[in-house]
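Coordinates from coords23.cif are shown below (mmCIF, N, CA and C atoms).
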data_run
#
loop_
_atom_site.label_atom_id
_atom_site.label_comp_id
_atom_site.auth_asym_id
_atom_site.auth_seq_id
_atom_site.Cartn_x
_atom_site.Cartn_y
_atom_site.Cartn_z
N MET A 1 -12.48 11.29 -3.00
CA MET A 1 -12.35 11.58 -4.42
C MET A 1 -11.37 10.56 -5.03
N ASN A 2 -11.73 10.06 -6.16
CA ASN A 2 -10.88 9.07 -6.81
C ASN A 2 -9.90 9.79 -7.74
N PHE A 3 -8.67 9.91 -7.30
CA PHE A 3 -7.66 10.65 -8.06
C PHE A 3 -7.29 9.95 -9.36
N LEU A 4 -7.30 8.64 -9.34
CA LEU A 4 -7.00 7.91 -10.57
C LEU A 4 -8.04 8.20 -11.64
N LEU A 5 -9.30 8.31 -11.24
CA LEU A 5 -10.36 8.63 -12.19
C LEU A 5 -10.13 10.01 -12.82
N LEU A 6 -9.74 10.99 -12.01
CA LEU A 6 -9.46 12.32 -12.55
C LEU A 6 -8.30 12.30 -13.55
N ILE A 7 -7.30 11.51 -13.24
CA ILE A 7 -6.16 11.39 -14.15
C ILE A 7 -6.59 10.72 -15.44
N MET A 8 -7.39 9.67 -15.33
CA MET A 8 -7.88 8.98 -16.52
C MET A 8 -8.74 9.90 -17.39
N LEU A 9 -9.53 10.77 -16.75
CA LEU A 9 -10.32 11.75 -17.51
C LEU A 9 -9.42 12.71 -18.27
N ASP A 10 -8.33 13.14 -17.64
CA ASP A 10 -7.37 14.00 -18.34
C ASP A 10 -6.76 13.29 -19.54
N ILE A 11 -6.42 12.03 -19.36
CA ILE A 11 -5.83 11.26 -20.46
C ILE A 11 -6.83 11.10 -21.60
N SER A 12 -8.07 10.78 -21.26
CA SER A 12 -9.07 10.57 -22.31
C SER A 12 -9.43 11.87 -23.03
N ALA A 13 -9.26 13.01 -22.36
CA ALA A 13 -9.57 14.30 -22.98
C ALA A 13 -8.43 14.81 -23.86
N SER A 14 -7.28 14.19 -23.80
CA SER A 14 -6.14 14.66 -24.60
C SER A 14 -6.37 14.33 -26.07
N ALA A 15 -5.73 15.11 -26.90
CA ALA A 15 -5.87 14.91 -28.35
C ALA A 15 -5.18 13.62 -28.77
N ASP A 16 -5.86 12.86 -29.61
CA ASP A 16 -5.30 11.58 -30.07
C ASP A 16 -4.08 11.76 -30.96
N ASP A 17 -4.03 12.86 -31.69
CA ASP A 17 -2.93 13.05 -32.64
C ASP A 17 -1.73 13.78 -32.04
N SER A 18 -1.80 14.11 -30.76
CA SER A 18 -0.70 14.82 -30.10
C SER A 18 0.15 13.86 -29.29
N PRO A 19 1.48 14.01 -29.39
CA PRO A 19 2.35 13.15 -28.56
C PRO A 19 2.42 13.62 -27.10
N ASP A 20 1.91 14.82 -26.84
CA ASP A 20 1.96 15.37 -25.48
C ASP A 20 0.69 15.02 -24.71
N LEU A 21 0.85 14.95 -23.42
CA LEU A 21 -0.26 14.61 -22.54
C LEU A 21 -0.25 15.58 -21.37
N MET A 22 -1.39 16.17 -21.08
CA MET A 22 -1.49 17.09 -19.95
C MET A 22 -2.33 16.43 -18.86
N ILE A 23 -1.76 16.38 -17.67
CA ILE A 23 -2.47 15.81 -16.51
C ILE A 23 -2.42 16.85 -15.40
N ALA A 24 -3.56 17.05 -14.75
CA ALA A 24 -3.61 17.99 -13.63
C ALA A 24 -2.65 17.54 -12.54
N ARG A 25 -1.91 18.48 -12.02
CA ARG A 25 -0.85 18.16 -11.05
C ARG A 25 -1.40 17.70 -9.70
N LYS A 26 -2.42 18.38 -9.19
CA LYS A 26 -2.93 18.05 -7.84
C LYS A 26 -3.45 16.62 -7.71
N PRO A 27 -4.29 16.13 -8.64
CA PRO A 27 -4.73 14.74 -8.51
C PRO A 27 -3.57 13.75 -8.60
N LEU A 28 -2.59 14.03 -9.44
CA LEU A 28 -1.43 13.14 -9.56
C LEU A 28 -0.63 13.12 -8.27
N GLU A 29 -0.39 14.29 -7.69
CA GLU A 29 0.34 14.35 -6.42
C GLU A 29 -0.43 13.66 -5.31
N ALA A 30 -1.75 13.86 -5.29
CA ALA A 30 -2.57 13.23 -4.26
C ALA A 30 -2.54 11.71 -4.39
N MET A 31 -2.57 11.21 -5.62
CA MET A 31 -2.53 9.77 -5.83
C MET A 31 -1.18 9.19 -5.39
N ILE A 32 -0.11 9.89 -5.69
CA ILE A 32 1.22 9.42 -5.27
C ILE A 32 1.32 9.42 -3.75
N THR A 33 0.82 10.47 -3.11
CA THR A 33 0.82 10.53 -1.64
C THR A 33 0.03 9.38 -1.05
N ASP A 34 -1.11 9.09 -1.65
CA ASP A 34 -1.94 7.97 -1.18
C ASP A 34 -1.21 6.64 -1.34
N TRP A 35 -0.54 6.45 -2.47
CA TRP A 35 0.23 5.21 -2.68
C TRP A 35 1.35 5.08 -1.64
N LEU A 36 2.03 6.17 -1.32
CA LEU A 36 3.09 6.12 -0.32
C LEU A 36 2.53 5.78 1.06
N ARG A 37 1.36 6.34 1.40
CA ARG A 37 0.72 6.04 2.68
C ARG A 37 0.35 4.56 2.74
N GLN A 38 -0.20 4.04 1.65
CA GLN A 38 -0.57 2.62 1.61
C GLN A 38 0.67 1.74 1.74
N LYS A 39 1.76 2.14 1.11
CA LYS A 39 3.00 1.37 1.20
C LYS A 39 3.47 1.30 2.65
N GLU A 40 3.42 2.44 3.35
CA GLU A 40 3.83 2.46 4.75
C GLU A 40 2.93 1.57 5.61
N GLU A 41 1.62 1.60 5.34
CA GLU A 41 0.69 0.76 6.08
C GLU A 41 0.95 -0.72 5.82
N ILE A 42 1.27 -1.06 4.58
CA ILE A 42 1.56 -2.46 4.24
C ILE A 42 2.83 -2.92 4.96
N HIS A 43 3.86 -2.09 4.99
CA HIS A 43 5.09 -2.47 5.69
C HIS A 43 4.84 -2.66 7.18
N LEU A 44 4.04 -1.78 7.77
CA LEU A 44 3.71 -1.92 9.20
C LEU A 44 2.95 -3.21 9.45
N LEU A 45 1.98 -3.50 8.60
CA LEU A 45 1.20 -4.72 8.74
C LEU A 45 2.08 -5.96 8.59
N ARG A 46 3.01 -5.94 7.63
CA ARG A 46 3.92 -7.08 7.45
C ARG A 46 4.78 -7.29 8.69
N LYS A 47 5.25 -6.20 9.31
CA LYS A 47 6.06 -6.33 10.53
C LYS A 47 5.23 -6.94 11.66
N LEU A 48 3.98 -6.47 11.79
CA LEU A 48 3.12 -7.00 12.85
C LEU A 48 2.85 -8.49 12.64
N VAL A 49 2.56 -8.87 11.41
CA VAL A 49 2.29 -10.28 11.12
C VAL A 49 3.53 -11.12 11.34
N ALA A 50 4.69 -10.62 10.92
CA ALA A 50 5.94 -11.37 11.12
C ALA A 50 6.22 -11.56 12.61
N GLY A 51 5.95 -10.53 13.41
CA GLY A 51 6.15 -10.65 14.86
C GLY A 51 5.21 -11.66 15.48
N GLN A 52 3.95 -11.65 15.05
CA GLN A 52 2.99 -12.61 15.57
C GLN A 52 3.34 -14.03 15.15
N THR A 53 3.78 -14.20 13.91
CA THR A 53 4.16 -15.53 13.41
C THR A 53 5.34 -16.06 14.20
N ARG A 54 6.31 -15.19 14.46
CA ARG A 54 7.49 -15.60 15.23
C ARG A 54 7.08 -16.00 16.64
N THR A 55 6.19 -15.23 17.28
CA THR A 55 5.73 -15.54 18.63
C THR A 55 4.98 -16.87 18.66
N CYS A 56 4.14 -17.11 17.66
CA CYS A 56 3.39 -18.37 17.60
C CYS A 56 4.34 -19.56 17.43
N ARG A 57 5.35 -19.39 16.59
CA ARG A 57 6.32 -20.47 16.39
C ARG A 57 7.09 -20.76 17.67
N GLU A 58 7.46 -19.70 18.40
CA GLU A 58 8.19 -19.89 19.65
C GLU A 58 7.32 -20.62 20.68
N ARG A 59 6.06 -20.27 20.73
CA ARG A 59 5.15 -20.92 21.67
C ARG A 59 4.94 -22.39 21.31
N SER A 60 4.80 -22.67 20.03
CA SER A 60 4.54 -24.05 19.62
C SER A 60 5.78 -24.93 19.75
N SER A 61 6.96 -24.33 19.72
CA SER A 61 8.17 -25.13 19.85
C SER A 61 8.59 -25.34 21.31
N ALA A 62 7.94 -24.63 22.25
CA ALA A 62 8.27 -24.79 23.67
C ALA A 62 7.81 -26.17 24.14
N THR A 63 8.54 -26.73 25.08
CA THR A 63 8.17 -28.04 25.62
C THR A 63 6.94 -27.88 26.51
N PRO A 64 6.16 -28.94 26.69
CA PRO A 64 4.95 -28.86 27.54
C PRO A 64 5.26 -28.41 28.95
N SER A 65 6.40 -28.76 29.51
CA SER A 65 6.73 -28.34 30.87
C SER A 65 6.96 -26.82 30.94
N ASP A 66 7.45 -26.24 29.82
CA ASP A 66 7.64 -24.80 29.78
C ASP A 66 6.30 -24.05 29.77
N ARG A 67 5.31 -24.65 29.16
CA ARG A 67 4.01 -23.99 29.02
C ARG A 67 3.19 -24.05 30.31
N VAL A 68 3.49 -25.00 31.20
CA VAL A 68 2.71 -25.17 32.43
C VAL A 68 2.94 -24.03 33.38
N ARG A 69 4.09 -23.47 33.39
CA ARG A 69 4.44 -22.41 34.34
C ARG A 69 3.53 -21.30 34.17
#

Could you write out this structure as structure tokens?
Amino acid sequence: MNFLLLIMLDISASADDSPDLMIARKPLEAMITDWLRQKEEIHLLRKLVAGQTRTCRERSSATPSDRVR
């Protein structure tokens, strides 16, 4: 289910002349939870890539005699 779409529907259904906006709580909470999960996945991926990059740099900087072993 696309929570952002549900929120956008709530916004579009609100009265144009009212300064107040009503948004269903559950879709908003679900969208925030999804964003937090994605943030955690991005941080994990960045750590994995940084570790791989560091390992590749260490291997490429080793002397040829070190690599023969």

(request) Could you check how far atom N of A:Asn2 sits from atom CA of A:Arg25, in Å to one decimal? (result) 14.4 Å

Return as AutoDock Vina command-line options the box centre and box size in Å, one decimal, for an axis-aligned box around all listed atoms of stretch 47-61 of chain A padded by 5 Å per side.
--center_x 5.4 --center_y -15.8 --center_z 15.5 --size_x 16.3 --size_y 29.1 --size_z 22.4

(request) Considering only N, CA and C atoms, return as a PyMOL selection string whatever protein or nucleic-acid residues lie within 7 Å of A:Ala24, sequence-local ones (same chain, fewer than 3 positions apart) excluded. (result) chain A and resi 6-7+10+27-29

(request) Select from stretch 3-53 of chain A everything DSSP, run on the backbone, classes as alpha helix (DSSP H), then give the selection as a PyMOL selection string. (result) chain A and resi 3-13+25-53

(request) May I ask for the distance between atom CA of A:Leu44 and atom N of A:Ser61, given in Å to one decimal place? (result) 25.0 Å

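Atom to atom, atom C of A:Ala30 and atom C of A:Leu9 stand 15.5 Å apart.
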